[in-house]
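File shown: model_37.cif. Contents: mmCIF, C-alpha atoms.
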data_model
#
loop_
_atom_site.label_atom_id
_atom_site.label_comp_id
_atom_site.auth_asym_id
_atom_site.auth_seq_id
_atom_site.Cartn_x
_atom_site.Cartn_y
_atom_site.Cartn_z
CA MET A 1 0.00 0.00 0.00
CA LEU A 2 1.22 3.46 -0.87
CA HIS A 3 0.84 6.40 1.49
CA GLN A 4 0.48 9.90 0.07
CA PHE A 5 1.15 12.95 2.22
CA THR A 6 0.20 16.34 0.74
CA ILE A 7 1.09 19.86 1.75
CA ASN A 8 0.29 23.16 0.06
CA VAL A 9 3.31 25.33 -0.70
CA ARG A 10 4.25 28.23 -2.94
CA LEU A 11 5.88 27.16 -6.21
CA GLN A 12 8.86 29.40 -5.55
CA ASP A 13 9.53 27.49 -2.29
CA VAL A 14 9.00 23.94 -3.49
CA GLU A 15 12.54 23.11 -4.65
CA ALA A 16 14.05 24.22 -1.34
CA MET A 17 11.51 22.07 0.50
CA ILE A 18 12.31 19.04 -1.66
CA GLU A 19 16.02 19.50 -0.90
CA LYS A 20 15.24 19.43 2.82
CA LEU A 21 13.12 16.32 2.40
CA ASN A 22 15.87 14.60 0.42
CA ALA A 23 18.38 15.43 3.15
CA ALA A 24 16.02 13.79 5.64
CA GLY A 25 15.82 10.61 3.55
CA ILE A 26 12.52 11.33 1.78
CA TYR A 27 13.02 11.00 -1.97
CA TYR A 28 9.64 10.28 -3.54
CA THR A 29 7.84 13.55 -4.24
CA HIS A 30 5.71 14.96 -7.01
CA TYR A 31 4.00 18.22 -7.93
CA GLU A 32 2.37 19.77 -10.97
CA THR A 33 3.85 23.05 -12.13
CA PRO A 34 1.12 25.65 -12.68
CA ILE A 35 1.50 27.04 -16.17
CA ALA A 36 0.01 30.24 -17.54
CA VAL A 37 -0.72 30.26 -21.25
CA THR A 38 -0.76 33.33 -23.47
CA VAL A 39 -1.64 33.55 -27.15
CA THR A 40 1.10 34.91 -29.41
CA GLU A 41 1.29 35.71 -33.10
CA TYR A 42 2.71 32.30 -33.92
CA GLY A 43 1.00 30.14 -31.33
CA TYR A 44 1.27 30.06 -27.57
CA ASP A 45 3.72 31.07 -24.88
CA PHE A 46 4.02 29.39 -21.49
CA TYR A 47 5.45 30.52 -18.20
CA GLU A 48 5.48 29.19 -14.67
CA ARG A 49 3.31 30.97 -12.13
CA ASP A 50 5.91 31.29 -9.37
CA GLU A 51 3.50 33.01 -7.01
CA ALA A 52 0.94 30.19 -7.21
CA GLU A 53 0.28 27.69 -4.43
CA ILE A 54 0.71 24.06 -5.43
CA ALA A 55 0.15 20.65 -3.85
CA LEU A 56 3.41 18.88 -3.02
CA HIS A 57 2.85 15.12 -2.74
CA ILE A 58 5.19 12.96 -0.67
CA TYR A 59 5.06 9.17 -1.01
CA ALA A 60 6.03 6.26 1.20
CA GLU A 61 5.49 2.53 0.72
CA GLU A 62 4.06 0.32 3.43
CA ASP A 63 6.98 -2.11 3.24
CA ASP A 64 9.84 0.37 3.66
CA GLY A 65 10.22 -0.46 7.36
CA ALA A 66 8.74 2.77 8.68
CA ASP A 67 5.86 2.96 11.14
CA LEU A 68 3.46 4.46 8.65
CA PRO A 69 1.84 6.87 8.58
CA GLU A 70 2.87 8.20 12.01
CA SER A 71 6.63 8.23 11.41
CA TYR A 72 6.22 10.23 8.21
CA PHE A 73 3.91 12.75 9.84
CA VAL A 74 6.61 13.41 12.44
CA LEU A 75 9.46 13.44 9.93
CA ILE A 76 7.71 15.86 7.57
CA GLN A 77 6.72 18.14 10.47
CA GLN A 78 10.25 18.29 11.84
CA THR A 79 11.94 18.65 8.44
CA LEU A 80 9.73 21.42 7.09
CA MET A 81 8.79 23.01 10.41
CA ILE A 82 5.07 22.85 9.71
CA ALA A 83 2.04 21.90 11.78
CA ARG A 84 0.61 18.42 11.58
CA GLU A 85 -2.73 19.90 10.52
CA ALA A 86 -1.04 21.20 7.36
CA ILE A 87 -0.35 17.65 6.16
CA ALA A 88 -3.09 15.68 4.41
CA HIS A 89 -2.82 11.89 4.26
CA ALA A 90 -4.35 9.38 1.86
CA LEU A 91 -3.88 5.73 0.91
CA MET A 92 -3.38 4.85 -2.74
CA ASP A 93 -3.69 1.40 -4.28
CA GLU A 94 -1.47 0.15 -7.09
CA GLN A 95 -4.26 0.48 -9.63
CA SER A 96 -4.27 4.26 -9.26
CA TRP A 97 -0.64 4.32 -10.44
CA GLU A 98 -1.03 2.07 -13.44
CA TYR A 99 -0.52 3.63 -16.85
CA GLU A 100 -3.24 2.53 -19.22
CA ALA A 101 -1.73 2.21 -22.65
CA GLU A 102 -4.03 2.64 -25.58
CA GLU A 103 -3.85 2.19 -29.29
CA ILE A 104 -4.38 5.22 -31.49
CA GLU A 105 -5.96 4.55 -34.85
CA LEU A 106 -5.15 7.11 -37.51
CA GLY A 107 -8.09 6.21 -39.73
CA ASN A 108 -5.85 5.29 -42.65
CA GLY A 109 -5.11 1.65 -41.91
CA TRP A 110 -2.36 2.44 -39.39
CA VAL A 111 -2.35 2.19 -35.63
CA ILE A 112 0.27 3.38 -33.14
CA GLY A 113 0.81 1.94 -29.68
CA LEU A 114 2.77 -0.56 -27.66
CA PRO A 115 3.71 -3.83 -29.36
CA ALA A 116 0.55 -5.87 -29.82
CA ASP A 117 1.66 -8.51 -27.31
CA ASP A 118 1.87 -5.89 -24.55
CA MET A 119 -1.61 -4.43 -24.75
CA GLU A 120 -5.22 -5.17 -25.51
CA PRO A 121 -6.09 -5.10 -29.21
CA SER A 122 -8.12 -2.16 -30.42
CA GLU A 123 -11.83 -2.38 -31.16
CA THR A 124 -11.13 -2.13 -34.88
CA ALA A 125 -8.57 -4.91 -34.68
CA LEU A 126 -11.08 -7.06 -32.84
CA LYS A 127 -13.48 -6.53 -35.72
CA GLY A 128 -10.95 -8.04 -38.08
CA ALA A 129 -9.43 -4.99 -39.75
CA GLN A 130 -5.88 -5.53 -40.99
CA LEU A 131 -4.03 -2.64 -39.39
CA LYS A 132 -0.41 -1.77 -40.00
CA ARG A 133 1.36 -0.80 -36.80
CA ILE A 134 3.92 1.64 -35.51
CA ASN A 135 5.18 0.22 -32.24
CA PHE A 136 5.56 3.12 -29.86
CA ASP A 137 6.13 3.29 -26.11
CA PRO A 138 5.40 6.73 -24.64
CA GLN A 139 7.39 5.78 -21.53
CA GLY A 140 4.88 7.52 -19.29
CA ALA A 141 3.71 10.31 -21.60
CA PHE A 142 1.61 9.55 -24.63
CA GLY A 143 1.29 13.18 -25.65
CA THR A 144 3.46 12.79 -28.72
CA GLY A 145 1.01 10.31 -30.16
CA LEU A 146 -2.27 11.79 -29.03
CA HIS A 147 -1.80 15.38 -30.11
CA GLY A 148 -3.75 16.16 -33.24
CA THR A 149 -0.82 17.77 -35.04
CA THR A 150 1.32 14.65 -34.51
CA GLN A 151 -1.44 12.46 -35.88
CA ASP A 152 -1.79 14.74 -38.89
CA CYS A 153 1.95 14.48 -39.52
CA LEU A 154 1.72 10.72 -39.42
CA ARG A 155 -1.19 10.72 -41.84
CA LEU A 156 0.80 12.80 -44.32
CA ILE A 157 3.95 10.70 -43.96
CA LEU A 158 2.35 7.26 -44.06
CA LYS A 159 0.53 7.91 -47.34
CA ARG A 160 3.76 8.85 -49.14
CA ASP A 161 6.60 6.82 -50.58
CA PHE A 162 9.99 7.87 -49.21
CA THR A 163 11.87 4.99 -50.81
CA GLY A 164 15.56 5.84 -51.16
CA GLN A 165 15.15 9.33 -49.71
CA LYS A 166 17.22 11.03 -47.04
CA VAL A 167 15.01 12.65 -44.40
CA ALA A 168 15.76 15.05 -41.53
CA ASP A 169 13.29 15.26 -38.63
CA LEU A 170 13.80 18.61 -36.89
CA GLY A 171 12.23 18.83 -33.43
CA ALA A 172 12.07 15.04 -33.40
CA GLY A 173 10.90 14.56 -29.81
CA SER A 174 9.97 10.89 -29.39
CA GLY A 175 11.10 10.09 -32.92
CA ILE A 176 7.74 8.80 -34.05
CA LEU A 177 7.87 10.79 -37.30
CA SER A 178 11.38 9.51 -38.00
CA ILE A 179 10.15 5.97 -37.48
CA ALA A 180 7.21 6.55 -39.82
CA ALA A 181 9.57 7.81 -42.54
CA ARG A 182 11.70 4.68 -42.24
CA LEU A 183 8.61 2.49 -42.37
CA ARG A 184 7.73 4.23 -45.64
CA GLY A 185 11.09 3.42 -47.17
CA ALA A 186 13.41 6.33 -46.30
CA ALA A 187 17.00 5.24 -46.87
CA SER A 188 18.22 7.25 -43.88
CA VAL A 189 16.74 9.51 -41.25
CA LEU A 190 18.48 12.11 -39.10
CA ALA A 191 16.52 13.03 -35.97
CA VAL A 192 17.48 16.38 -34.43
CA ASP A 193 16.21 17.84 -31.16
CA ILE A 194 17.32 20.52 -28.74
CA GLU A 195 16.76 18.06 -25.88
CA SER A 196 18.57 14.81 -25.15
CA VAL A 197 16.17 12.32 -26.73
CA ARG A 198 18.58 9.77 -28.22
CA GLU A 199 17.75 6.90 -25.87
CA GLN A 200 14.00 7.33 -26.28
CA ILE A 201 14.19 7.50 -30.08
CA LEU A 202 16.50 4.51 -30.43
CA TYR A 203 14.33 2.52 -28.02
CA ASN A 204 11.20 3.20 -30.07
CA ALA A 205 13.10 2.52 -33.30
CA ALA A 206 14.19 -0.86 -31.92
CA LEU A 207 10.55 -1.70 -31.15
CA ASN A 208 10.01 -1.45 -34.91
CA GLY A 209 13.07 -3.50 -35.80
CA MET A 210 15.12 -0.62 -37.14
CA ASP A 211 18.48 0.90 -36.30
CA GLU A 212 19.00 3.25 -39.23
CA ILE A 213 17.97 6.44 -37.42
CA GLU A 214 20.80 8.81 -36.49
CA VAL A 215 20.08 11.10 -33.54
CA ILE A 216 21.84 14.34 -32.67
CA GLN A 217 21.16 16.92 -29.97
CA GLN A 218 21.43 20.43 -31.34
CA ASP A 219 19.80 23.84 -31.28
CA ILE A 220 19.36 24.33 -35.01
CA LEU A 221 18.72 28.05 -34.44
CA GLY A 222 21.81 28.54 -32.28
CA LYS A 223 24.96 30.28 -33.42
CA ASP A 224 26.95 27.04 -33.05
CA ALA A 225 24.52 24.93 -35.07
CA THR A 226 26.24 22.61 -37.54
CA PHE A 227 23.15 21.09 -39.15
CA SER A 228 22.90 21.66 -42.89
CA VAL A 229 20.05 20.88 -45.26
CA ASP A 230 22.49 19.82 -47.97
CA GLY A 231 21.81 16.35 -49.30
CA PHE A 232 18.35 15.89 -47.80
CA ASP A 233 15.30 15.11 -49.88
CA CYS A 234 12.70 16.03 -47.26
CA LEU A 235 12.67 18.01 -44.03
CA PHE A 236 10.13 17.51 -41.25
CA ILE A 237 9.97 20.80 -39.34
CA ASN A 238 8.08 20.69 -36.06
CA ILE A 239 9.46 23.67 -34.14
CA GLY A 240 6.72 26.30 -34.45
CA GLY A 241 5.89 29.00 -36.98
CA GLU A 242 8.24 31.76 -35.86
CA GLU A 243 11.11 29.29 -35.44
CA THR A 244 10.43 27.84 -38.89
CA LEU A 245 10.83 31.30 -40.44
CA GLN A 246 14.06 31.86 -38.50
CA PHE A 247 15.38 28.48 -39.61
CA ILE A 248 14.73 28.91 -43.33
CA GLU A 249 16.32 32.36 -43.24
CA HIS A 250 19.35 31.17 -41.25
CA GLN A 251 19.91 28.11 -43.45
CA ARG A 252 18.77 29.75 -46.70
CA VAL A 253 16.67 26.63 -47.02
CA LEU A 254 14.59 27.78 -49.96
CA ASN A 255 17.69 27.86 -52.17
CA HIS A 256 17.78 24.04 -51.99
CA THR A 257 15.42 23.13 -54.77
CA ARG A 258 15.38 19.36 -54.15
CA VAL A 259 13.95 19.59 -50.64
CA ASN A 260 10.31 18.85 -49.83
CA PHE A 261 8.82 19.92 -46.51
CA LEU A 262 6.45 18.61 -43.88
CA ILE A 263 5.77 21.57 -41.60
CA SER A 264 3.73 21.31 -38.41
CA GLY A 265 3.24 23.19 -35.19
CA LEU A 266 1.58 26.07 -37.06
CA VAL A 267 -1.56 27.81 -35.80
CA ASP A 268 -4.37 28.84 -38.10
CA TRP A 269 -4.10 32.59 -37.35
CA SER A 270 -0.48 32.80 -38.61
CA ALA A 271 0.00 29.72 -40.80
CA ASP A 272 -0.33 31.74 -44.01
CA LYS A 273 2.37 34.16 -42.84
CA THR A 274 4.73 31.25 -42.11
CA LEU A 275 4.01 29.61 -45.46
CA ALA A 276 4.28 32.80 -47.56
CA PRO A 277 8.06 32.54 -48.19
CA PHE A 278 7.62 28.96 -49.42
CA LEU A 279 4.86 29.95 -51.84
CA GLN A 280 6.91 32.89 -53.07
CA ALA A 281 9.74 30.43 -53.77
CA ASN A 282 7.40 28.43 -56.03
CA TYR A 283 6.53 25.74 -53.53
CA ARG A 284 2.99 24.46 -53.59
CA ILE A 285 0.89 23.05 -50.78
CA GLU A 286 0.36 19.45 -51.79
CA GLU A 287 -1.79 18.75 -48.74
CA ARG A 288 -2.99 20.71 -45.73
CA LEU A 289 -4.57 19.25 -42.61
CA ARG A 290 -6.01 20.96 -39.56
CA SER A 291 -6.79 19.66 -36.07
CA ASP A 292 -8.43 22.29 -33.88
CA GLU A 293 -6.27 25.39 -34.38
CA TRP A 294 -3.16 23.41 -35.45
CA VAL A 295 -2.15 23.32 -39.10
CA THR A 296 0.11 20.78 -40.82
CA VAL A 297 1.18 21.01 -44.47
CA TYR A 298 3.20 19.03 -47.01
CA LEU A 299 5.03 21.25 -49.51
CA THR A 300 6.66 20.30 -52.82
CA ARG A 301 8.29 22.29 -55.59
#
Could you quickly redo this structure as structure tokens?
Amino acid sequence: MLHQFTINVRLQDVEAMIEKLNAAGIYYTHYETPIAVTVTEYGYDFYERDEAEIALHIYAEEDDGADLPESYFVLIQQTLMIAREAIAHALMDEQSWEYEAEEIELGNGWVIGLPADDMEPSETALKGAQLKRINFDPQGAFGTGLHGTTQDCLRLILKRDFTGQKVADLGAGSGILSIAARLRGAASVLAVDIESVREQILYNAALNGMDEIEVIQQDILGKDATFSVDGFDCLFINIGGEETLQFIEHQRVLNHTRVNFLISGLVDWSADKTLAPFLQANYRIEERLRSDEWVTVYLTR
């Protein structure tokens, strides 16, 4: 049985409190960062609300040798110098911690999700449909598969033939778009992200029986960026509208006449502004999809 102790603290104080708890031998904590969202010309901006009060959860397992919950009440009180009444306690069963994986059907004969042996088959699969699969493990966060713009990207990629092509996936994240390109015949794929995502991408690639994806960590907009579009047949750009404009200007991308583009992360109120330089360079929108306010396009010349 898992014990959860909860206290309300200011966000700006939470890291100092966690350090004190760690020093006292309490390591299992969790809190949700309150985020404020503002609308910008090219999408959204996010910032942490430092002044907000948040719930800091502290966890202890029944079998860790402690006299629970009493010993933790005392330890938390003494460590943080707070009253007992400020600490809420609850019991949590294992089921409340289980991650429920689900398949995501794209409506085009493809499904993404954990390997079929690791999860329940989808309703469509149970009805006998022959679905092609992208094996994908969100490793605790399925957002990269559920978001409408990601699904639209997959729909555009999976209907095209990339046989023999060299593809770069910029803003690769989980690598699911890179994997889709390889499944559609790409000879090589370079996945680039500003974060360290190599292990996650290679893990998901291995689930699909592939090892031909190269992963690099790089800020493609930074002054020390070494990425070049030379030699690529198609670029997937999933870094936002304003960043896309900065990238094509910095790299002089539109001078490379062989390159096709999959561009996502655009919002409907500025998508046309982001796409204008491509259209002026004689690119045409081969296909345009929209999910809510998010726009995804495939461009060819």
| Contact residues around range 281-290 of chain A with all atoms listed in the file at 8 Å, ignoring same-chain residues under 2 positions, as an MDAnalysis selection string | chainID A and resid 149 152 156 254 277:279 292:301
| said: Show me the residues close to (15.8, 14.6, 1.7) - anything with an atom within 12 Å, counting all atoms listed in the file - and format the list as a list in words. | reply: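 Residues lying no farther than 12 Å from the given point: Glu15, Ala16, Met17, Ile18, Glu19, Lys20, Leu21, Asn22, Ala23, Ala24, Gly25, Ile26, Tyr27, Tyr28, Thr29, Ile58, Leu75, Ile76, Thr79 and Leu80 of chain A.
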Selected residues written out, C-alpha atoms, as an mmCIF file, in the frame of the given file:
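And here is the file that came out, out_0.cif:
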data_model
loop_
_atom_site.group_PDB
_atom_site.id
_atom_site.type_symbol
_atom_site.label_atom_id
_atom_site.label_comp_id
_atom_site.auth_asym_id
_atom_site.auth_seq_id
_atom_site.Cartn_x
_atom_site.Cartn_y
_atom_site.Cartn_z
ATOM 1 C CA GLU A 15 12.540 23.110 -4.650
ATOM 2 C CA ALA A 16 14.050 24.220 -1.340
ATOM 3 C CA MET A 17 11.510 22.070 0.500
ATOM 4 C CA ILE A 18 12.310 19.040 -1.660
ATOM 5 C CA GLU A 19 16.020 19.500 -0.900
ATOM 6 C CA LYS A 20 15.240 19.430 2.820
ATOM 7 C CA LEU A 21 13.120 16.320 2.400
ATOM 8 C CA ASN A 22 15.870 14.600 0.420
ATOM 9 C CA ALA A 23 18.380 15.430 3.150
ATOM 10 C CA ALA A 24 16.020 13.790 5.640
ATOM 11 C CA GLY A 25 15.820 10.610 3.550
ATOM 12 C CA ILE A 26 12.520 11.330 1.780
ATOM 13 C CA TYR A 27 13.020 11.000 -1.970
ATOM 14 C CA TYR A 28 9.640 10.280 -3.540
ATOM 15 C CA THR A 29 7.840 13.550 -4.240
ATOM 16 C CA ILE A 58 5.190 12.960 -0.670
ATOM 17 C CA LEU A 75 9.460 13.440 9.930
ATOM 18 C CA ILE A 76 7.710 15.860 7.570
ATOM 19 C CA THR A 79 11.940 18.650 8.440
ATOM 20 C CA LEU A 80 9.730 21.420 7.090
#
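Interatomic distance, CA of Phe162 in chain A to CA of Leu235 in chain A: 11.7 Å.
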| task | Measuring atom to atom with only C-alpha atoms, identify which of A:Phe247, A:Trp269, A:Phe136, A:Trp110 is nearest to Val229 in chain A. | result |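 When distances to Val229 in chain A are compared using only C-alpha atoms, the smallest one comes from A:Phe247.
CA of Pro34 in chain A lies 24.2 Å from CA of Glu85 in chain A.
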| Of the candidates A:Ala60, A:Ile35, A:Ala86, A:Cys153, which shows the shortest atom-to-atom distance to Val9 in chain A, using all atoms listed in the file? | A:Ala86
| Neighbour list for Glu199 in chain A as a list in words, cut-off 10 Å, only C-alpha atoms, skip fewer than 4 positions in-chain | Ser174, Tyr203, Asn204, Ala205 and Val215 of chain A
Take the residues just selected and output them with C-alpha atoms as a tab-separated table (two decimals), keeping the file's coordinate frame.
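So again-v6.tsv came out as:
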chain	number	residue	atom	x	y	z
A	174	SER	CA	9.97	10.89	-29.39
A	203	TYR	CA	14.33	2.52	-28.02
A	204	ASN	CA	11.20	3.20	-30.07
A	205	ALA	CA	13.10	2.52	-33.30
A	215	VAL	CA	20.08	11.10	-33.54
| request: Quick one: everything within 7 Å of Gly113 in chain A, counting all atoms listed in the file, minus sequence neighbours fewer than 5 positions away in the same chain. Send it as a VMD selection string. | output: chain A and resid 102 to 104 134 to 137
Could you list, as a tab-separated table (two decimals) with C-alpha atoms, in the coordinates of the input, every residue matched by the PyMOL selection byres ((chain A and resi 3) around 9) in this structure?
chain	number	residue	atom	x	y	z
A	1	MET	CA	0.00	0.00	0.00
A	2	LEU	CA	1.22	3.46	-0.87
A	4	GLN	CA	0.48	9.90	0.07
A	5	PHE	CA	1.15	12.95	2.22
A	58	ILE	CA	5.19	12.96	-0.67
A	59	TYR	CA	5.06	9.17	-1.01
A	60	ALA	CA	6.03	6.26	1.20
A	61	GLU	CA	5.49	2.53	0.72
A	62	GLU	CA	4.06	0.32	3.43
A	68	LEU	CA	3.46	4.46	8.65
A	69	PRO	CA	1.84	6.87	8.58
A	89	HIS	CA	-2.82	11.89	4.26
A	90	ALA	CA	-4.35	9.38	1.86
A	91	LEU	CA	-3.88	5.73	0.91
A	92	MET	CA	-3.38	4.85	-2.74
A	93	ASP	CA	-3.69	1.40	-4.28
| request: For Leu11 in chain A, work out the shell of residues within 8 Å, counting all atoms listed in the file and skipping chain neighbours fewer than 6 positions away, then give it as a list in words. | output: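 Surrounding residues, per the criterion: Thr33, Arg49, Asp50, Glu51, Ala52, Glu53 and Ile54 of chain A.
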Write a file of the selected residues as a PDB file, in the coordinates of the input, keeping C-alpha atoms.
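The new file again_19.pdb reads:
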ATOM      1  CA  THR A  33       3.850  23.050 -12.130  1.00  0.00           C
ATOM      2  CA  ARG A  49       3.310  30.970 -12.130  1.00  0.00           C
ATOM      3  CA  ASP A  50       5.910  31.290  -9.370  1.00  0.00           C
ATOM      4  CA  GLU A  51       3.500  33.010  -7.010  1.00  0.00           C
ATOM      5  CA  ALA A  52       0.940  30.190  -7.210  1.00  0.00           C
ATOM      6  CA  GLU A  53       0.280  27.690  -4.430  1.00  0.00           C
ATOM      7  CA  ILE A  54       0.710  24.060  -5.430  1.00  0.00           C
TER       8      ILE A  54
END
| request: Please write the residues picked by the PyMOL selection byres ((chain A and resi 151) around 10) on this file as an MDAnalysis selection string. | output: chainID A and resid 104:107 112 144:150 152:157 177 291 296
| Residues around (20.0, 28.5, -29.8), cut-off 12 Å, counting all atoms listed in the file - what are they as number ranges by chain? | A: 193-195, 217-226, 243, 246-247, 250
| said: To one decimal place in Å, what is the distance between CA of Arg258 in chain A and CA of Ser178 in chain A? | reply: 19.3 Å
